[in-house]
Amino acid sequence: MKFSYKIPKPLLINILTTLTISLVVSIITYKIIDQRIPRVAMVDLSYLNNEFMVNLSRHLIENKISDKKIEQAVRTHLDTLDSILNDINHSKKNFILLQKQVVVSENIEDITKQIEQVIFDNIVMNTKNEVGNEKD
């Protein structure tokens with residue numbers, strides 16, 4: 001503290017003001033650049049499609065389902081997957097999605113399970129809506 005007594009007060013005020021402005025500008029710059037830095041994630045599209053087909057086949061074996069309902073389930077799956085990928089592509093988080101088979105690194109986030117859960121929830125919701133409509 002004794003060092004600050006030797007610095008003239010106007011100079012000390014200028015130094016503190018400069019440091020404060022520099023800190024604020026640095027934080028703002030970091031926030032702006034952070035939004036533009038792409039985040040890399042991977043998704044296994046073949047797994048999503050294969051898992052859907054396996055589950056659909058099991059459902060077909062257990063229940064007698066019409067071709068129309070099968071077509072609706074497949075369409076719902078494809079539309080939901082397309083919608084999710086478009087939402088990720090147009091999000092402000094600036095994601096770059098890579099197919100899992102082309103990724104060698106283990107440090108890249110795998111979002112396949114999250115996408116699978118959203119697709120499952122959407123298909124279940126559509127199925128419940130259709131069952132409710134059939135009762136009417």
# chains A, B, ... in the order shown; residues from 1 in each chain; ligands from 1

$ select_by_dssp --residues "range 76-136 of chain A" --states "alpha helix (DSSP H)" --output "VMD selection string"
chain A and resid 76 to 90 112 to 135

$ select_by_dssp --residues "range 6-96 of chain A" --states "strand (DSSP E or B)" --output "ChimeraX atom specification"
/A:39-43,95-96

$ residues_around --residues "Val74 in chain A" --least-positions-apart "3" --cutoff "9 Å" --atoms "only C-alpha atoms" --output "list in words"
Phe52, Met53, Leu56, Lys69, Ile70, Glu71, His77, Leu78 and Asp79 of chain A

$ write_last_selection --atoms "N, CA and C atoms" --output "PDB file, in the first residue's frame"
ATOM      1  N   PHE A  52     -34.343 -47.860 -34.416  1.00  0.00           N
ATOM      2  CA  PHE A  52     -35.752 -47.621 -34.717  1.00  0.00           C
ATOM      3  C   PHE A  52     -36.344 -48.816 -35.467  1.00  0.00           C
ATOM      4  N   MET A  53     -35.624 -49.311 -36.457  1.00  0.00           N
ATOM      5  CA  MET A  53     -36.138 -50.448 -37.238  1.00  0.00           C
ATOM      6  C   MET A  53     -36.276 -51.706 -36.381  1.00  0.00           C
ATOM      7  N   LEU A  56     -39.314 -51.143 -34.188  1.00  0.00           N
ATOM      8  CA  LEU A  56     -40.519 -51.226 -35.007  1.00  0.00           C
ATOM      9  C   LEU A  56     -40.818 -52.682 -35.357  1.00  0.00           C
ATOM     10  N   LYS A  69     -50.234 -47.380 -40.335  1.00  0.00           N
ATOM     11  CA  LYS A  69     -49.629 -47.002 -39.055  1.00  0.00           C
ATOM     12  C   LYS A  69     -48.113 -47.177 -39.091  1.00  0.00           C
ATOM     13  N   ILE A  70     -47.649 -48.191 -39.814  1.00  0.00           N
ATOM     14  CA  ILE A  70     -46.198 -48.374 -39.966  1.00  0.00           C
ATOM     15  C   ILE A  70     -45.615 -47.188 -40.721  1.00  0.00           C
ATOM     16  N   GLU A  71     -46.291 -46.810 -41.783  1.00  0.00           N
ATOM     17  CA  GLU A  71     -45.834 -45.662 -42.576  1.00  0.00           C
ATOM     18  C   GLU A  71     -45.829 -44.397 -41.736  1.00  0.00           C
ATOM     19  N   HIS A  77     -40.642 -40.777 -37.354  1.00  0.00           N
ATOM     20  CA  HIS A  77     -39.220 -40.948 -37.016  1.00  0.00           C
ATOM     21  C   HIS A  77     -38.346 -40.065 -37.906  1.00  0.00           C
ATOM     22  N   LEU A  78     -38.566 -40.142 -39.203  1.00  0.00           N
ATOM     23  CA  LEU A  78     -37.738 -39.382 -40.145  1.00  0.00           C
ATOM     24  C   LEU A  78     -37.957 -37.874 -40.002  1.00  0.00           C
ATOM     25  N   ASP A  79     -39.214 -37.465 -39.840  1.00  0.00           N
ATOM     26  CA  ASP A  79     -39.509 -36.032 -39.682  1.00  0.00           C
ATOM     27  C   ASP A  79     -38.906 -35.484 -38.393  1.00  0.00           C
TER      28      ASP A  79
END

$ atom_distance --atom1 "CA of Asn86 in chain A" --atom2 "CA of Ser105 in chain A"
24.6 Å

$ residues_around --residues "Val118 in chain A" --least-positions-apart "3" --cutoff "12 Å" --atoms "only C-alpha atoms" --output "PyMOL selection string"
chain A and resi 48+76-77+79-85+111-115+121-125

$ residues_around --residues "Phe95 in chain A" --least-positions-apart "5" --cutoff "9 Å" --atoms "only C-alpha atoms" --output "list in words"
Ile37, Pro38, Arg39, Val40, Ala41, Ile88, Asn89 and His90 of chain A

$ write_last_selection --atoms "C-alpha atoms" --output "tab-separated table (two decimals), in the first residue's frame"
chain	number	residue	atom	x	y	z
A	37	ILE	CA	-16.67	-20.70	-31.79
A	38	PRO	CA	-18.20	-23.89	-33.15
A	39	ARG	CA	-18.87	-26.78	-30.81
A	40	VAL	CA	-18.19	-30.18	-32.26
A	41	ALA	CA	-20.50	-33.06	-31.42
A	88	ILE	CA	-29.16	-28.08	-34.09
A	89	ASN	CA	-27.88	-26.70	-37.39
A	90	HIS	CA	-29.73	-23.39	-36.98
